[in-house]
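The block underneath contains the structure these notes are about, expressed in structure tokens.
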Amino acid sequence: MYTEQNLVRIAKRENNQKRNYLVVNRLQGKHIPVKPHEALAMFQALAAQVRGQYNGEKLLVIGFAETATAIGAAVAMALNADYIQTTRELVPNVAYLYFSEEHSHATEQKLVKEDIDSAVKTIDRILFVEDEVTTGKTILNIIEVLRGQYSKKIKFSVASILNGMDCNALDIYGKYGINLFWLVKTNHTAYTEIAKSFKGDGTYISCKQINEIRMPTITYIKIDERMDTRRVVHCTQYYQFCKSLYQNIVSQTDLGDAHKILVLGTEEYMYPALYTASQLEAQGKEVRFHATTRSPITVSTEQEYPLHVRYELMSLYDSARTTYVYELQKYDMVIIITDASDGMKEGVFSLVNALKLCGNEHILVVS
């Protein structure tokens, strides 16, 4: 049974005037390290809320970057649906549909227009998947863009782990005929004051300076096969890609005596790393999964606060972009799985610096 008490932790956003708090889900596998099977079980529970509701309809699942990309992929697989994610990254040689995200530190979101053009011809319903829906305004923004772009009448639904919408927001969705599904209903009334109460006196470590220090043992594996969920994919093909990726990794990696393993995704690239983590866990390893993020979150020393140590990094995707990773520990092996390609060296070294500070010496980078 999922409840607000056992899932939700309140954190303080850094320098965000729109909203001072961030809802951190301790099982989501984004900011807090999680056992892979616990994250996947929660995603499956969300999919179960929708399964059977739209028999006979062809669905397109849209997951929101960056925190809900893995949730969206898992839900699409459970529903045997096509899948695409929103993105803030550049996709070469495409046109975009743009929309804004409410309350975010990085508001611009987009979808690849060519892929939505093609999908709209065959689908009956779009299912948006989020980690959390608070006001519903972001999703209404994208629905407005889609309805303005396409004459075909598309039906819309929303599934989220958490739903904090008030009565007015729920009424608006009811008026528009947009069905809502969630695992946990949350009440945000006290969240602002809770966030204010935290001291923000955690440990902040910058790893953006790449010094000439001895690097831990880094092994690189380059996988030529690629499937990008910034473009529409079918869940069956995406599952096979993730399975092949895992098999490639283990066939080229000597796990040796490594028992305690961290699998780390990068920003929007989460589900393939989570799948790999779950397979390693199924082999009896003690595995944790989480990911780097664009979100600058205050860290604090209070025991009840969810995040205590923050590492400031250069992004693997753009060394001029600042990203973060939280709550690192020492592991027998760390596996970084990323779809960053050209120019990621500085970002890798920045992340490895953070891992080294925690005593990690055996690091595998899969790109």
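Just so we're on the same page: first chain in the structure tokens is A, next is B, and so on; residues restart at 1 for each chain, and ligands are numbered from 1 in the order they show up.
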
Q | helix (DSSP H, G or I) positions in region 33-132 of chain A, given as a VMD selection string | A | chain A and resid 36 to 50 69 to 79 113 to 120

Go ahead and save the residues from that selection, with C-alpha atoms, as an mmCIF file, in the first residue's frame.
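Output below, filename selection-v1.cif:
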data_model
loop_
_atom_site.group_PDB
_atom_site.id
_atom_site.type_symbol
_atom_site.label_atom_id
_atom_site.label_comp_id
_atom_site.auth_asym_id
_atom_site.auth_seq_id
_atom_site.Cartn_x
_atom_site.Cartn_y
_atom_site.Cartn_z
ATOM 1 C CA PRO A 36 15.481 -1.358 -8.448
ATOM 2 C CA HIS A 37 12.642 -3.794 -7.742
ATOM 3 C CA GLU A 38 10.975 -1.268 -5.439
ATOM 4 C CA ALA A 39 10.936 1.434 -8.122
ATOM 5 C CA LEU A 40 9.647 -0.950 -10.782
ATOM 6 C CA ALA A 41 6.950 -2.329 -8.470
ATOM 7 C CA MET A 42 5.660 1.198 -7.898
ATOM 8 C CA PHE A 43 5.636 1.910 -11.643
ATOM 9 C CA GLN A 44 3.744 -1.342 -12.251
ATOM 10 C CA ALA A 45 1.226 -0.400 -9.583
ATOM 11 C CA LEU A 46 0.569 2.857 -11.439
ATOM 12 C CA ALA A 47 0.114 0.996 -14.729
ATOM 13 C CA ALA A 48 -2.395 -1.274 -13.002
ATOM 14 C CA GLN A 49 -4.603 1.765 -12.340
ATOM 15 C CA VAL A 50 -4.964 2.252 -16.102
ATOM 16 C CA THR A 69 11.031 9.187 -18.285
ATOM 17 C CA ALA A 70 11.534 5.802 -16.604
ATOM 18 C CA ILE A 71 8.001 5.800 -15.174
ATOM 19 C CA GLY A 72 6.573 6.518 -18.622
ATOM 20 C CA ALA A 73 8.591 3.746 -20.255
ATOM 21 C CA ALA A 74 7.556 1.221 -17.610
ATOM 22 C CA VAL A 75 3.875 2.167 -17.923
ATOM 23 C CA ALA A 76 4.025 1.957 -21.726
ATOM 24 C CA MET A 77 5.511 -1.532 -21.486
ATOM 25 C CA ALA A 78 2.828 -2.644 -19.039
ATOM 26 C CA LEU A 79 0.121 -1.328 -21.373
ATOM 27 C CA LYS A 113 6.815 17.136 -34.133
ATOM 28 C CA GLU A 114 7.375 14.641 -36.956
ATOM 29 C CA ASP A 115 6.822 11.732 -34.604
ATOM 30 C CA ILE A 116 3.672 13.220 -33.106
ATOM 31 C CA ASP A 117 2.431 13.983 -36.644
ATOM 32 C CA SER A 118 2.753 10.287 -37.528
ATOM 33 C CA ALA A 119 1.404 8.977 -34.221
ATOM 34 C CA VAL A 120 -1.722 11.131 -34.303
#

Q: Output as JSON, numbers by chain all residues of region 172-217 of chain A that backbone DSSP marks as strand (DSSP E or B).
A: {"A": [179, 180, 181, 182, 183, 184, 185, 203, 204, 205, 206, 217]}

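The space separating CA of Glu361 (chain A) from CA of Val334 (chain A) comes to 8.5 Å.
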
Q.
Give me the residues near region 135-145 of chain A as a VMD selection string, where near means some atom within 7 Å (using only C-alpha atoms) and where sequence neighbours in that chain fewer than 2 positions away do not count.
A. chain A and resid 99 to 102 133 147 to 149 165 169

Hey, could you make a per-residue contact list for region 306-346 of chain A against region 272-289 of chain A with 12 Å as the cut-off, showing the nearest pair of atoms and its distance in Å to one decimal, counting only C-alpha atoms, sorted by chain and number, as a Markdown table?
| residue | atom | partner | partner_atom | distance |
| --- | --- | --- | --- | --- |
| A:Val325 | CA | A:Phe289 | CA | 11.9 |
| A:Tyr326 | CA | A:Phe289 | CA | 11.7 |
| A:Glu327 | CA | A:Phe289 | CA | 11.3 |
| A:Leu328 | CA | A:Arg288 | CA | 10.3 |
| A:Gln329 | CA | A:Arg288 | CA | 10.0 |
| A:Lys330 | CA | A:Arg288 | CA | 11.2 |
| A:Tyr331 | CA | A:Val287 | CA | 9.2 |
| A:Asp332 | CA | A:Glu286 | CA | 9.9 |
| A:Met333 | CA | A:Val287 | CA | 9.8 |
| A:Val334 | CA | A:Arg288 | CA | 9.7 |
| A:Ile335 | CA | A:Ala273 | CA | 8.6 |
| A:Ile336 | CA | A:Ala273 | CA | 7.9 |
| A:Ile337 | CA | A:Ala273 | CA | 5.7 |
| A:Thr338 | CA | A:Ala273 | CA | 8.0 |
| A:Asp339 | CA | A:Pro272 | CA | 9.8 |

Output file for the selection above: N, CA and C atoms, as a PDB file, in the first residue's frame:
ATOM      1  N   VAL A 325      24.227  15.385  -8.473  1.00  0.00           N
ATOM      2  CA  VAL A 325      23.891  14.049  -8.007  1.00  0.00           C
ATOM      3  C   VAL A 325      23.919  14.094  -6.482  1.00  0.00           C
ATOM      4  N   TYR A 326      23.024  13.324  -5.869  1.00  0.00           N
ATOM      5  CA  TYR A 326      22.839  13.388  -4.423  1.00  0.00           C
ATOM      6  C   TYR A 326      23.077  12.030  -3.779  1.00  0.00           C
ATOM      7  N   GLU A 327      23.491  12.062  -2.525  1.00  0.00           N
ATOM      8  CA  GLU A 327      23.517  10.871  -1.668  1.00  0.00           C
ATOM      9  C   GLU A 327      24.379   9.735  -2.218  1.00  0.00           C
ATOM     10  N   LEU A 328      25.550  10.053  -2.747  1.00  0.00           N
ATOM     11  CA  LEU A 328      26.463   9.014  -3.208  1.00  0.00           C
ATOM     12  C   LEU A 328      27.042   8.255  -2.013  1.00  0.00           C
ATOM     13  N   GLN A 329      27.378   7.000  -2.256  1.00  0.00           N
ATOM     14  CA  GLN A 329      28.004   6.142  -1.257  1.00  0.00           C
ATOM     15  C   GLN A 329      29.174   5.404  -1.912  1.00  0.00           C
ATOM     16  N   LYS A 330      29.838   4.566  -1.127  1.00  0.00           N
ATOM     17  CA  LYS A 330      30.899   3.716  -1.655  1.00  0.00           C
ATOM     18  C   LYS A 330      30.310   2.372  -2.070  1.00  0.00           C
ATOM     19  N   TYR A 331      30.675   1.938  -3.276  1.00  0.00           N
ATOM     20  CA  TYR A 331      30.204   0.665  -3.823  1.00  0.00           C
ATOM     21  C   TYR A 331      31.393  -0.150  -4.317  1.00  0.00           C
ATOM     22  N   ASP A 332      31.174  -1.448  -4.477  1.00  0.00           N
ATOM     23  CA  ASP A 332      32.215  -2.285  -5.074  1.00  0.00           C
ATOM     24  C   ASP A 332      32.425  -1.918  -6.541  1.00  0.00           C
ATOM     25  N   MET A 333      31.345  -1.530  -7.198  1.00  0.00           N
ATOM     26  CA  MET A 333      31.414  -1.126  -8.603  1.00  0.00           C
ATOM     27  C   MET A 333      30.306  -0.121  -8.888  1.00  0.00           C
ATOM     28  N   VAL A 334      30.622   0.855  -9.723  1.00  0.00           N
ATOM     29  CA  VAL A 334      29.623   1.812 -10.199  1.00  0.00           C
ATOM     30  C   VAL A 334      29.519   1.675 -11.709  1.00  0.00           C
ATOM     31  N   ILE A 335      28.287   1.555 -12.206  1.00  0.00           N
ATOM     32  CA  ILE A 335      28.039   1.472 -13.647  1.00  0.00           C
ATOM     33  C   ILE A 335      27.239   2.700 -14.049  1.00  0.00           C
ATOM     34  N   ILE A 336      27.854   3.570 -14.835  1.00  0.00           N
ATOM     35  CA  ILE A 336      27.193   4.758 -15.366  1.00  0.00           C
ATOM     36  C   ILE A 336      26.679   4.410 -16.758  1.00  0.00           C
ATOM     37  N   ILE A 337      25.385   4.581 -16.986  1.00  0.00           N
ATOM     38  CA  ILE A 337      24.803   4.285 -18.297  1.00  0.00           C
ATOM     39  C   ILE A 337      24.207   5.571 -18.853  1.00  0.00           C
ATOM     40  N   THR A 338      24.699   5.981 -20.022  1.00  0.00           N
ATOM     41  CA  THR A 338      24.331   7.290 -20.564  1.00  0.00           C
ATOM     42  C   THR A 338      24.125   7.215 -22.067  1.00  0.00           C
ATOM     43  N   ASP A 339      23.300   8.103 -22.604  1.00  0.00           N
ATOM     44  CA  ASP A 339      23.209   8.244 -24.056  1.00  0.00           C
ATOM     45  C   ASP A 339      23.895   9.520 -24.529  1.00  0.00           C
TER      46      ASP A 339
END

Q | Selection: 12 Å around Arg230 (chain A), only C-alpha atoms, excl. self and same-chain fewer than 4 positions, as an MDAnalysis selection string | A | chainID A and resid 61:66 69 72:73 82:92 94 96 109:116 226 268:269 339

Expected file: the selected residues, C-alpha atoms, as a PDB file, in the first residue's frame:
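Writing done, so here's again-v5.pdb:
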ATOM      1  CA  VAL A  61       2.211   7.188 -23.691  1.00  0.00           C
ATOM      2  CA  ILE A  62       4.124  10.437 -23.139  1.00  0.00           C
ATOM      3  CA  GLY A  63       6.552  10.549 -20.200  1.00  0.00           C
ATOM      4  CA  PHE A  64       7.822  13.865 -18.885  1.00  0.00           C
ATOM      5  CA  ALA A  65      11.525  14.731 -18.744  1.00  0.00           C
ATOM      6  CA  GLU A  66      13.434  14.481 -16.740  1.00  0.00           C
ATOM      7  CA  THR A  69      11.031   9.187 -18.285  1.00  0.00           C
ATOM      8  CA  GLY A  72       6.573   6.518 -18.622  1.00  0.00           C
ATOM      9  CA  ALA A  73       8.591   3.746 -20.255  1.00  0.00           C
ATOM     10  CA  ASP A  82       3.879   3.272 -28.101  1.00  0.00           C
ATOM     11  CA  TYR A  83       6.054   5.622 -26.071  1.00  0.00           C
ATOM     12  CA  ILE A  84       7.753   8.988 -26.426  1.00  0.00           C
ATOM     13  CA  GLN A  85       9.193  11.351 -23.828  1.00  0.00           C
ATOM     14  CA  THR A  86       9.357  15.100 -23.709  1.00  0.00           C
ATOM     15  CA  THR A  87      12.885  16.479 -23.766  1.00  0.00           C
ATOM     16  CA  ARG A  88      15.015  19.523 -23.097  1.00  0.00           C
ATOM     17  CA  GLU A  89      17.863  18.125 -25.191  1.00  0.00           C
ATOM     18  CA  LEU A  90      18.519  18.830 -28.869  1.00  0.00           C
ATOM     19  CA  VAL A  91      17.389  16.125 -31.277  1.00  0.00           C
ATOM     20  CA  PRO A  92      19.184  16.554 -34.625  1.00  0.00           C
ATOM     21  CA  VAL A  94      13.772  17.631 -36.411  1.00  0.00           C
ATOM     22  CA  TYR A  96       9.512  20.537 -32.296  1.00  0.00           C
ATOM     23  CA  GLN A 109       9.889  21.303 -22.850  1.00  0.00           C
ATOM     24  CA  LYS A 110       9.393  19.915 -26.325  1.00  0.00           C
ATOM     25  CA  LEU A 111       8.246  16.928 -28.359  1.00  0.00           C
ATOM     26  CA  VAL A 112       9.518  15.860 -31.775  1.00  0.00           C
ATOM     27  CA  LYS A 113       6.815  17.136 -34.133  1.00  0.00           C
ATOM     28  CA  GLU A 114       7.375  14.641 -36.956  1.00  0.00           C
ATOM     29  CA  ASP A 115       6.822  11.732 -34.604  1.00  0.00           C
ATOM     30  CA  ILE A 116       3.672  13.220 -33.106  1.00  0.00           C
ATOM     31  CA  ARG A 226      20.758   2.925 -29.910  1.00  0.00           C
ATOM     32  CA  GLU A 268      16.703  12.107 -18.931  1.00  0.00           C
ATOM     33  CA  TYR A 269      18.309   8.728 -19.609  1.00  0.00           C
ATOM     34  CA  ASP A 339      23.209   8.244 -24.056  1.00  0.00           C
TER      35      ASP A 339
END

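Between CA of Arg19 (chain A) and CA of Phe156 (chain A) the interatomic distance comes to 27.1 Å.
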
Q | Contact residues around region 189-191 of chain A with only C-alpha atoms at 12 Å, ignoring same-chain residues under 5 positions, as an MDAnalysis selection string | A | chainID A and resid 8:13 19:24 134 164:166 196:198

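Nearest to Gly200 (chain A) of all the residues A:Leu307, A:Val365, A:Met270, A:Cys167 is A:Leu307, counting only C-alpha atoms.
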
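The nearest approach to Gly29 (chain A) among the residues A:Gly174, A:Gly56, A:Gly265, A:Pro296, with only C-alpha atoms taken into account, belongs to A:Gly265.
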
Q.
Env of Glu57 (chain A): 7 Å cut, atoms = only C-alpha atoms, seq-sep filter 2 positions within chain, self excluded. Answer as an MDAnalysis selection string.
A. chainID A and resid 54:55 59 124:125

File of the preceding selection, N, CA and C atoms, as an mmCIF file, in the first residue's frame:
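Final output, saved to out11.cif:
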data_model
loop_
_atom_site.group_PDB
_atom_site.id
_atom_site.type_symbol
_atom_site.label_atom_id
_atom_site.label_comp_id
_atom_site.auth_asym_id
_atom_site.auth_seq_id
_atom_site.Cartn_x
_atom_site.Cartn_y
_atom_site.Cartn_z
ATOM 1 N N TYR A 54 -8.987 1.140 -21.232
ATOM 2 C CA TYR A 54 -9.115 1.596 -22.613
ATOM 3 C C TYR A 54 -8.904 0.442 -23.596
ATOM 4 N N ASN A 55 -9.517 -0.681 -23.305
ATOM 5 C CA ASN A 55 -9.417 -1.825 -24.213
ATOM 6 C C ASN A 55 -9.979 -1.447 -25.581
ATOM 7 N N LEU A 59 -3.022 3.457 -27.716
ATOM 8 C CA LEU A 59 -2.487 4.483 -26.833
ATOM 9 C C LEU A 59 -1.105 4.942 -27.275
ATOM 10 N N ASP A 124 -5.716 6.614 -30.639
ATOM 11 C CA ASP A 124 -7.008 7.082 -30.149
ATOM 12 C C ASP A 124 -6.862 7.993 -28.927
ATOM 13 N N ARG A 125 -5.802 7.740 -28.132
ATOM 14 C CA ARG A 125 -5.689 8.434 -26.856
ATOM 15 C C ARG A 125 -4.214 8.636 -26.518
#

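For the choices A:Lys199, A:His290, A:Arg51, A:Lys243, the atom-to-atom distance to Thr266 (chain A) is smallest for A:His290 when using only C-alpha atoms.
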
Q: Tell me which of A:Val309, A:Leu27, A:Val34, A:Leu364 sits closest to Gly202 (chain A), counting only C-alpha atoms.
A: A:Val309

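Nearest residue to Phe241 (chain A), choosing from A:Asp224, A:Asp254, A:Glu304, A:Asp171 and counting only C-alpha atoms: A:Asp224.
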
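Candidate residues A:Thr192, A:Cys207, A:Tyr220, A:His308 were compared for distance to Gln252 (chain A), and the nearest is A:Tyr220, using only C-alpha atoms.
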
Q) Quick one: distance from CA of Asp228 (chain A) to CA of Tyr271 (chain A) in Å, one decimal? A) 11.1 Å
